[in-house]
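Peer 1: Input file: protein15.cif. Contents: mmCIF, C-alpha atoms; chains and numbers go by the auth columns.
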```
data_query
loop_
_atom_site.group_PDB
_atom_site.id
_atom_site.type_symbol
_atom_site.label_atom_id
_atom_site.label_comp_id
_atom_site.label_asym_id
_atom_site.label_seq_id
_atom_site.Cartn_x
_atom_site.Cartn_y
_atom_site.Cartn_z
_atom_site.B_iso_or_equiv
_atom_site.auth_seq_id
_atom_site.auth_asym_id
ATOM 1 C CA MET A 1 -7.066 20.203 65.295 0.00 29 A
ATOM 2 C CA SER A 2 -6.687 23.861 64.391 0.00 30 A
ATOM 3 C CA GLU A 3 -8.428 25.141 61.281 0.00 31 A
ATOM 4 C CA LYS A 4 -5.097 25.787 59.524 0.00 32 A
ATOM 5 C CA LEU A 5 -3.802 22.314 60.286 0.00 33 A
ATOM 6 C CA CYS A 6 -7.116 20.799 59.245 0.00 34 A
ATOM 7 C CA HIS A 7 -6.858 22.534 55.870 0.00 35 A
ATOM 8 C CA LEU A 8 -3.233 21.463 55.491 0.00 36 A
ATOM 9 C CA VAL A 9 -4.006 17.796 56.204 0.00 37 A
ATOM 10 C CA ASP A 10 -6.923 17.995 53.782 0.00 38 A
ATOM 11 C CA ASP A 11 -4.616 19.440 51.110 0.00 39 A
ATOM 12 C CA ILE A 12 -2.167 16.580 51.661 0.00 40 A
ATOM 13 C CA ARG A 13 -4.887 13.958 51.420 0.00 41 A
ATOM 14 C CA HIS A 14 -5.853 15.380 48.050 0.00 42 A
ATOM 15 C CA CYS A 15 -2.262 15.717 46.816 0.00 43 A
ATOM 16 C CA GLN A 16 -1.611 14.473 43.273 0.00 44 A
ATOM 17 C CA ALA A 17 2.025 15.586 42.961 0.00 45 A
ATOM 18 C CA CYS A 18 3.405 12.051 42.549 0.00 46 A
ATOM 19 C CA ALA A 19 0.469 10.450 40.756 0.00 47 A
ATOM 20 C CA GLU A 20 2.495 9.525 37.684 0.00 48 A
ATOM 21 C CA SER A 21 5.200 7.862 39.820 0.00 49 A
ATOM 22 C CA LEU A 22 2.901 5.663 41.916 0.00 50 A
ATOM 23 C CA PRO A 23 1.568 2.186 41.091 0.00 51 A
ATOM 24 C CA PHE A 24 -1.947 3.095 42.266 0.00 52 A
ATOM 25 C CA PRO A 25 -3.921 6.326 42.594 0.00 53 A
ATOM 26 C CA PRO A 26 -2.563 8.517 45.415 0.00 54 A
ATOM 27 C CA ARG A 27 -3.992 7.829 48.858 0.00 55 A
ATOM 28 C CA PRO A 28 -1.928 9.760 51.418 0.00 56 A
ATOM 29 C CA VAL A 29 -2.060 8.262 54.906 0.00 57 A
ATOM 30 C CA LEU A 30 -1.256 10.474 57.883 0.00 58 A
ATOM 31 C CA SER A 31 -2.617 11.687 61.184 0.00 59 A
ATOM 32 C CA ALA A 32 -1.806 14.936 62.981 0.00 60 A
ATOM 33 C CA SER A 33 -3.091 17.276 65.673 0.00 61 A
ATOM 34 C CA GLY A 34 -1.616 20.389 67.230 0.00 62 A
ATOM 35 C CA SER A 35 -1.969 18.804 70.667 0.00 63 A
ATOM 36 C CA ALA A 36 0.035 15.649 69.827 0.00 64 A
ATOM 37 C CA LYS A 37 2.871 14.940 72.251 0.00 65 A
ATOM 38 C CA LEU A 38 4.392 12.005 70.354 0.00 66 A
ATOM 39 C CA LEU A 39 5.299 11.825 66.677 0.00 67 A
ATOM 40 C CA ILE A 40 5.833 8.566 64.789 0.00 68 A
ATOM 41 C CA VAL A 41 7.845 8.838 61.575 0.00 69 A
ATOM 42 C CA GLY A 42 8.109 5.669 59.528 0.00 70 A
ATOM 43 C CA GLN A 43 8.933 4.875 55.931 0.00 71 A
ATOM 44 C CA ALA A 44 5.803 4.788 53.751 0.00 72 A
ATOM 45 C CA PRO A 45 2.491 2.928 53.856 0.00 73 A
ATOM 46 C CA GLY A 46 2.528 -0.704 52.800 0.00 74 A
ATOM 47 C CA LEU A 47 -0.086 -2.219 50.511 0.00 75 A
ATOM 48 C CA ARG A 48 -2.479 -3.191 53.306 0.00 76 A
ATOM 49 C CA VAL A 49 -2.272 0.290 54.788 0.00 77 A
ATOM 50 C CA TYR A 50 -2.923 1.743 51.343 0.00 78 A
ATOM 51 C CA GLU A 51 -5.977 -0.490 50.931 0.00 79 A
ATOM 52 C CA THR A 52 -7.486 0.448 54.304 0.00 80 A
ATOM 53 C CA GLY A 53 -6.248 4.032 54.604 0.00 81 A
ATOM 54 C CA ILE A 54 -5.265 3.366 58.238 0.00 82 A
ATOM 55 C CA ALA A 55 -1.644 3.938 59.271 0.00 83 A
ATOM 56 C CA TRP A 56 0.265 0.938 60.656 0.00 84 A
ATOM 57 C CA ASN A 57 -2.752 -1.303 60.069 0.00 85 A
ATOM 58 C CA ASP A 58 -0.643 -4.405 59.425 0.00 86 A
ATOM 59 C CA ALA A 59 1.745 -6.837 61.102 0.00 87 A
ATOM 60 C CA SER A 60 4.368 -4.096 61.426 0.00 88 A
ATOM 61 C CA GLY A 61 1.857 -1.938 63.269 0.00 89 A
ATOM 62 C CA ASP A 62 0.936 -4.775 65.614 0.00 90 A
ATOM 63 C CA ARG A 63 4.577 -5.163 66.572 0.00 91 A
ATOM 64 C CA LEU A 64 5.126 -1.411 66.909 0.00 92 A
ATOM 65 C CA ARG A 65 2.179 -1.096 69.294 0.00 93 A
ATOM 66 C CA GLN A 66 3.585 -4.028 71.243 0.00 94 A
ATOM 67 C CA TRP A 67 6.963 -2.319 71.447 0.00 95 A
ATOM 68 C CA MET A 68 5.317 0.876 72.675 0.00 96 A
ATOM 69 C CA GLY A 69 2.964 -0.899 75.065 0.00 97 A
ATOM 70 C CA LEU A 70 -0.109 0.732 73.539 0.00 98 A
ATOM 71 C CA ASP A 71 -3.508 -0.533 72.501 0.00 99 A
ATOM 72 C CA LYS A 72 -5.088 0.597 69.252 0.00 100 A
ATOM 73 C CA ALA A 73 -7.373 3.116 70.931 0.00 101 A
ATOM 74 C CA LEU A 74 -4.472 5.138 72.313 0.00 102 A
ATOM 75 C CA PHE A 75 -2.196 4.543 69.342 0.00 103 A
ATOM 76 C CA TYR A 76 -4.789 6.027 66.978 0.00 104 A
ATOM 77 C CA ASN A 77 -5.697 8.935 69.258 0.00 105 A
ATOM 78 C CA ALA A 78 -4.590 11.774 66.999 0.00 106 A
ATOM 79 C CA GLU A 79 -4.894 14.276 69.830 0.00 107 A
ATOM 80 C CA LYS A 80 -1.945 12.515 71.488 0.00 108 A
ATOM 81 C CA ILE A 81 -0.005 10.812 68.693 0.00 109 A
ATOM 82 C CA ALA A 82 0.815 12.157 65.236 0.00 110 A
ATOM 83 C CA ILE A 83 1.737 9.722 62.464 0.00 111 A
ATOM 84 C CA LEU A 84 3.674 11.216 59.547 0.00 112 A
ATOM 85 C CA PRO A 85 5.588 8.711 57.411 0.00 113 A
ATOM 86 C CA MET A 86 8.380 10.011 55.198 0.00 114 A
ATOM 87 C CA GLY A 87 6.203 9.158 52.207 0.00 115 A
ATOM 88 C CA PHE A 88 2.435 9.435 52.568 0.00 116 A
ATOM 89 C CA CYS A 89 1.511 7.111 49.684 0.00 117 A
ATOM 90 C CA TYR A 90 2.300 3.478 48.950 0.00 118 A
ATOM 91 C CA PRO A 91 5.366 3.593 46.651 0.00 119 A
ATOM 92 C CA GLY A 92 5.019 0.101 45.160 0.00 120 A
ATOM 93 C CA ARG A 93 7.108 -3.046 45.317 0.00 121 A
ATOM 94 C CA GLY A 94 10.771 -3.473 44.515 0.00 122 A
ATOM 95 C CA ALA A 95 12.999 -6.504 44.197 0.00 123 A
ATOM 96 C CA SER A 96 13.400 -6.970 47.952 0.00 124 A
ATOM 97 C CA GLY A 97 10.383 -5.263 49.463 0.00 125 A
ATOM 98 C CA ASP A 98 8.548 -1.974 49.173 0.00 126 A
ATOM 99 C CA LEU A 99 10.260 0.827 47.303 0.00 127 A
ATOM 100 C CA PRO A 100 11.679 3.808 49.233 0.00 128 A
ATOM 101 C CA PRO A 101 9.343 6.691 50.065 0.00 129 A
ATOM 102 C CA LEU A 102 9.187 9.309 47.335 0.00 130 A
ATOM 103 C CA PRO A 103 11.081 12.477 48.374 0.00 131 A
ATOM 104 C CA GLN A 104 8.388 14.892 47.225 0.00 132 A
ATOM 105 C CA CYS A 105 6.383 14.417 50.435 0.00 133 A
ATOM 106 C CA ALA A 106 9.168 15.791 52.602 0.00 134 A
ATOM 107 C CA THR A 107 9.886 18.625 50.190 0.00 135 A
ATOM 108 C CA LEU A 108 6.277 19.715 49.822 0.00 136 A
ATOM 109 C CA TRP A 109 4.737 19.085 53.202 0.00 137 A
ATOM 110 C CA ARG A 110 6.965 18.160 56.133 0.00 138 A
ATOM 111 C CA GLU A 111 8.116 21.608 57.218 0.00 139 A
ATOM 112 C CA LYS A 112 4.574 22.953 56.906 0.00 140 A
ATOM 113 C CA LEU A 113 3.284 20.170 59.134 0.00 141 A
ATOM 114 C CA HIS A 114 5.958 20.688 61.774 0.00 142 A
ATOM 115 C CA ARG A 115 4.920 24.304 62.229 0.00 143 A
ATOM 116 C CA HIS A 116 1.696 22.970 63.740 0.00 144 A
ATOM 117 C CA LEU A 117 3.299 20.289 65.945 0.00 145 A
ATOM 118 C CA SER A 118 4.843 22.482 68.609 0.00 146 A
ATOM 119 C CA GLU A 119 3.668 20.229 71.456 0.00 147 A
ATOM 120 C CA VAL A 120 5.632 17.165 70.301 0.00 148 A
ATOM 121 C CA LYS A 121 8.082 16.038 72.982 0.00 149 A
ATOM 122 C CA LEU A 122 9.492 12.900 71.346 0.00 150 A
ATOM 123 C CA THR A 123 9.780 11.697 67.762 0.00 151 A
ATOM 124 C CA LEU A 124 10.183 7.989 67.016 0.00 152 A
ATOM 125 C CA LEU A 125 12.389 7.572 63.949 0.00 153 A
ATOM 126 C CA ILE A 126 11.595 4.201 62.426 0.00 154 A
ATOM 127 C CA GLY A 127 14.041 2.997 59.803 0.00 155 A
ATOM 128 C CA GLN A 128 16.804 4.569 57.765 0.00 156 A
ATOM 129 C CA TYR A 129 14.803 7.158 55.820 0.00 157 A
ATOM 130 C CA ALA A 130 13.361 8.838 58.911 0.00 158 A
ATOM 131 C CA GLN A 131 16.695 8.662 60.710 0.00 159 A
ATOM 132 C CA ARG A 132 18.606 10.099 57.777 0.00 160 A
ATOM 133 C CA TYR A 133 16.195 12.998 57.324 0.00 161 A
ATOM 134 C CA TYR A 134 15.841 14.054 60.940 0.00 162 A
ATOM 135 C CA LEU A 135 19.257 13.324 62.409 0.00 163 A
ATOM 136 C CA THR A 136 21.205 14.798 59.522 0.00 164 A
ATOM 137 C CA LYS A 137 18.823 17.729 59.243 0.00 165 A
ATOM 138 C CA GLN A 138 19.193 18.484 62.940 0.00 166 A
ATOM 139 C CA GLY A 139 22.957 18.033 62.912 0.00 167 A
ATOM 140 C CA LEU A 140 22.840 15.268 65.498 0.00 168 A
ATOM 141 C CA ALA A 141 24.696 12.532 63.633 0.00 169 A
ATOM 142 C CA ILE A 142 27.208 10.722 65.847 0.00 170 A
ATOM 143 C CA LYS A 143 29.531 10.005 62.918 0.00 171 A
ATOM 144 C CA PRO A 144 30.876 12.254 60.172 0.00 172 A
ATOM 145 C CA ASN A 145 29.834 9.640 57.587 0.00 173 A
ATOM 146 C CA TYR A 146 26.225 9.405 58.805 0.00 174 A
ATOM 147 C CA PRO A 147 23.843 7.926 57.729 0.00 175 A
ATOM 148 C CA GLY A 148 25.443 4.643 58.623 0.00 176 A
ATOM 149 C CA SER A 149 23.508 1.507 59.369 0.00 177 A
ATOM 150 C CA VAL A 150 20.256 1.464 61.286 0.00 178 A
ATOM 151 C CA THR A 151 21.974 -0.897 63.716 0.00 179 A
ATOM 152 C CA ASP A 152 24.647 1.664 64.526 0.00 180 A
ATOM 153 C CA THR A 153 22.109 4.452 64.936 0.00 181 A
ATOM 154 C CA VAL A 154 19.798 2.426 67.183 0.00 182 A
ATOM 155 C CA LYS A 155 22.736 1.261 69.310 0.00 183 A
ATOM 156 C CA HIS A 156 23.412 4.895 70.157 0.00 184 A
ATOM 157 C CA TRP A 157 19.773 5.733 70.865 0.00 185 A
ATOM 158 C CA GLN A 158 20.568 7.480 74.151 0.00 186 A
ATOM 159 C CA GLN A 159 22.529 10.171 72.337 0.00 187 A
ATOM 160 C CA TYR A 160 19.429 11.363 70.499 0.00 188 A
ATOM 161 C CA LEU A 161 17.153 11.782 73.503 0.00 189 A
ATOM 162 C CA PRO A 162 15.144 13.671 74.611 0.00 190 A
ATOM 163 C CA ASP A 163 13.993 14.739 71.135 0.00 191 A
ATOM 164 C CA PHE A 164 14.397 11.549 69.102 0.00 192 A
ATOM 165 C CA LEU A 165 14.428 7.795 69.628 0.00 193 A
ATOM 166 C CA PRO A 166 15.614 5.762 66.597 0.00 194 A
ATOM 167 C CA LEU A 167 14.115 2.309 66.051 0.00 195 A
ATOM 168 C CA PRO A 168 14.464 -0.459 63.476 0.00 196 A
ATOM 169 C CA HIS A 169 11.453 -1.143 61.325 0.00 197 A
ATOM 170 C CA PRO A 170 9.052 -3.535 63.103 0.00 198 A
ATOM 171 C CA SER A 171 8.348 -5.457 59.901 0.00 199 A
ATOM 172 C CA PRO A 172 8.403 -9.275 60.061 0.00 200 A
ATOM 173 C CA ARG A 173 11.185 -8.956 57.478 0.00 201 A
ATOM 174 C CA ASN A 174 13.371 -7.772 60.357 0.00 202 A
ATOM 175 C CA ASN A 175 12.938 -10.918 62.460 0.00 203 A
ATOM 176 C CA ILE A 176 16.515 -11.997 61.729 0.00 204 A
ATOM 177 C CA TRP A 177 17.809 -8.584 62.783 0.00 205 A
ATOM 178 C CA LEU A 178 15.889 -8.799 66.045 0.00 206 A
ATOM 179 C CA ARG A 179 17.278 -12.272 66.763 0.00 207 A
ATOM 180 C CA ASN A 180 20.812 -11.098 66.002 0.00 208 A
ATOM 181 C CA ASN A 181 20.509 -8.003 68.195 0.00 209 A
ATOM 182 C CA PRO A 182 19.004 -9.123 71.513 0.00 210 A
ATOM 183 C CA TRP A 183 20.229 -5.907 73.180 0.00 211 A
ATOM 184 C CA PHE A 184 17.404 -4.080 71.414 0.00 212 A
ATOM 185 C CA GLU A 185 14.702 -5.932 73.339 0.00 213 A
ATOM 186 C CA LEU A 186 16.675 -5.833 76.590 0.00 214 A
ATOM 187 C CA GLU A 187 17.797 -2.201 76.517 0.00 215 A
ATOM 188 C CA VAL A 188 15.808 -0.129 74.056 0.00 216 A
ATOM 189 C CA LEU A 189 12.261 -1.456 74.409 0.00 217 A
ATOM 190 C CA PRO A 190 11.987 -0.825 78.176 0.00 218 A
ATOM 191 C CA ALA A 191 13.273 2.709 77.591 0.00 219 A
ATOM 192 C CA LEU A 192 10.819 3.180 74.720 0.00 220 A
ATOM 193 C CA LYS A 193 7.891 2.161 76.885 0.00 221 A
ATOM 194 C CA ASP A 194 9.048 4.414 79.707 0.00 222 A
ATOM 195 C CA GLN A 195 9.376 7.377 77.352 0.00 223 A
ATOM 196 C CA VAL A 196 5.962 6.762 75.804 0.00 224 A
ATOM 197 C CA ALA A 197 4.288 6.416 79.198 0.00 225 A
ATOM 198 C CA ARG A 198 5.942 9.586 80.493 0.00 226 A
ATOM 199 C CA ILE A 199 5.048 11.694 77.485 0.00 227 A
ATOM 200 C CA LEU A 200 1.486 10.445 77.107 0.00 228 A
ATOM 201 C CA GLU A 201 0.997 10.430 80.873 0.00 229 A
ATOM 202 C CA SER A 202 -0.677 7.072 80.466 0.00 230 A
ATOM 203 C CA PRO A 203 0.207 3.574 81.684 0.00 231 A
ATOM 204 C CA VAL A 204 1.534 1.161 79.067 0.00 232 A
ATOM 205 C CA SER A 205 1.681 -2.601 78.881 0.00 233 A
ATOM 206 C CA ASN A 206 4.920 -4.455 79.668 0.00 234 A
ATOM 207 C CA VAL A 207 3.978 -7.441 77.531 0.00 235 A
ATOM 208 C CA LEU A 208 6.414 -7.978 74.636 0.00 236 A
#
```
With the file now loaded, output its structure as structure tokens.
Peer 2:
Amino acid sequence: MSEKLCHLVDDIRHCQACAESLPFPPRPVLSASGSAKLLIVGQAPGLRVYETGIAWNDASGDRLRQWMGLDKALFYNAEKIAILPMGFCYPGRGASGDLPPLPQCATLWREKLHRHLSEVKLTLLIGQYAQRYYLTKQGLAIKPNYPGSVTDTVKHWQQYLPDFLPLPHPSPRNNIWLRNNPWFELEVLPALKDQVARILESPVSNVL
């Protein structure tokens, strides 16, 4: 990690901008390196991730690594994979799950971080908040009324390559969605694994 990026990540980890809006003291969770070839953009840390300070250290992370065909050692290799959720801190619980990521993270930090991630070849956009930010920002929306549903965006995943690959959230809460959309496992996951293997120049597992 370059000295400038190291200082930036350290500044983020000590950020207190949203302290009054969070249910617990701020604990930003992220991982970045100027050499990273793959970027993972999710929603915001869940409670278990907040407690451990390790990104995707929960059932959602287990499924995501399975989707990607990666073990933990490679997944957490910051020299190859950057992990920058839309919100860096746990936002708290709502009526039907975790609250949305707070927007201040993107406003304060995201552009600054991207200046140091020039080696990224593919960004995985996990869930509606990442997809809305990146696809609208980049002018790549396939519909004038974007952001539509995650289902619609993921169905058209090929249109966003080679820069982006949209995915549903791997949370167990999405088990019904996965059962109702078998095309995702049949079409998207093999392509995801191929893309990951190509970019990381490393073999991946084909076990689902």
Peer 1: Any idea what's packed within 12 Å of Thr80 of chain A, counting all atoms listed in the file, ignoring anything in its chain fewer than 6 positions away? Could you give it as a PyMOL selection string?
Peer 2: chain A and resi 55-57+73-74+86+118
Peer 1: Write the selection just made, keeping C-alpha atoms, as a PDB file, in the frame of the given file?
Peer 2:
```pdb
ATOM      1  CA  ARG A  55      -3.992   7.829  48.858  1.00  0.00           C
ATOM      2  CA  PRO A  56      -1.928   9.760  51.418  1.00  0.00           C
ATOM      3  CA  VAL A  57      -2.060   8.262  54.906  1.00  0.00           C
ATOM      4  CA  PRO A  73       2.491   2.928  53.856  1.00  0.00           C
ATOM      5  CA  GLY A  74       2.528  -0.704  52.800  1.00  0.00           C
ATOM      6  CA  ASP A  86      -0.643  -4.405  59.425  1.00  0.00           C
ATOM      7  CA  TYR A 118       2.300   3.478  48.950  1.00  0.00           C
TER       8      TYR A 118
END
```
Peer 1: Applied to the shown file, which residues does the PyMOL selection byres ((chain A and resi 30) around 10) return, written as a compact mmCIF listing (two decimals) with C-alpha atoms, in the frame of the given file?
Peer 2:
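Contents of expr_19.txt, freshly written:
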```
# COMPACT_ATOMS: atom_id res chain seq x y z
CA MET A 29 -7.07 20.20 65.30
CA GLU A 31 -8.43 25.14 61.28
CA LYS A 32 -5.10 25.79 59.52
CA LEU A 33 -3.80 22.31 60.29
CA CYS A 34 -7.12 20.80 59.24
CA HIS A 35 -6.86 22.53 55.87
CA LEU A 36 -3.23 21.46 55.49
CA SER A 61 -3.09 17.28 65.67
CA GLY A 62 -1.62 20.39 67.23
CA SER A 63 -1.97 18.80 70.67
CA HIS A 144 1.70 22.97 63.74
```
Peer 1: May I ask for the distance between atom CA of Ala225 of chain A and atom CA of Arg76 of chain A, given in Å to one decimal place?
Peer 2: 28.4 Å
Peer 1: From the options A:Gln132, A:Gln71, A:Ser124, A:Asn203, which residue's atoms come nearest to Leu153 of chain A, counting only C-alpha atoms?
Peer 2: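 Looking at the shortest contact to Leu153 of chain A, the residue is A:Gln71.
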Peer 1: One decimal, in Å: what's the spacing between atom CA of Ala60 of chain A and atom CA of Met96 of chain A?
Peer 2: 18.5 Å
Peer 1: So the first atom is atom CA of Leu152 of chain A and the second is atom CA of Leu193 of chain A; what is the distance between them in Å, to one decimal place?
Peer 2: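 Interatomic distance here is 5.0 Å.
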Peer 1: Which one of A:Ser49, A:Thr179, A:Ser59, A:Gln94 sits closest to Pro198 of chain A if you count all atoms listed in the file?
Peer 2: A:Gln94
Peer 1: Looking at A:Leu214, A:Leu220, A:Ile154, A:Leu145, which one is nearest to Gln186 of chain A, with distances taken over only C-alpha atoms?
Peer 2: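 Closest to Gln186 of chain A of all the choices is A:Leu220.
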Peer 1: Would you list the contacts of Gln159 of chain A as a PyMOL selection string, taking every protein, DNA or RNA residue within 10 Å and counting all atoms listed in the file, but skipping same-chain residues closer than 3 positions in sequence?
Peer 2: chain A and resi 69-71+152-156+162-165+169+174-178+181-182+192-196
Peer 1: The centre and edge lengths of an axis-aligned box containing all atoms of segment 195-203 of chain A present in the file, extended by 6 Å on each side, are to be given in Å to one decimal, as lines of an AutoDock Vina configuration file.
Peer 2:
```
center_x = 11.4
center_y = -4.3
center_z = 61.8
size_x = 18.1
size_y = 25.2
size_z = 20.6
```
Peer 1: Expand the PyMOL selection byres ((chain A and resi 200) around 12) into the explicit residue set it covers here, and present it as a list in words.
Peer 2: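 Given this file, the PyMOL selection byres ((chain A and resi 200) around 12) evaluates to Asp86, Ala87, Ser88, Gly89, Asp90, Arg91, Leu92, Gly125, Pro196, His197, Pro198, Ser199, Arg201, Asn202, Asn203, Ile204, Trp205, Leu206 and Arg207 of chain A.
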Peer 1: I'd like to know which of A:Tyr104, A:Tyr78, A:Phe52, A:Trp84 is closest to Ala64 of chain A, using all atoms listed in the file.
Peer 2: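 For Ala64 of chain A, the nearest of the given residues is A:Tyr104.
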Peer 1: Given the file shown, determine the residues that the PyMOL selection byres ((chain A and resi 222) around 12) selects; report them as a VMD selection string.
Peer 2: chain A and resid 95 to 98 150 193 215 to 221 223 to 234
Peer 1: Check the smallest atom-to-atom distance from each of A:Lys100, A:Met114, A:Pro210, A:Asp39 to Arg160 of chain A using all atoms listed in the file, then report the winner.
Peer 2: A:Met114
Peer 1: Return the single residue from A:Ala72, A:Leu141, A:Leu127, A:Cys117 that is closest to Pro54 of chain A, with distances computed using only C-alpha atoms.
Peer 2: A:Cys117
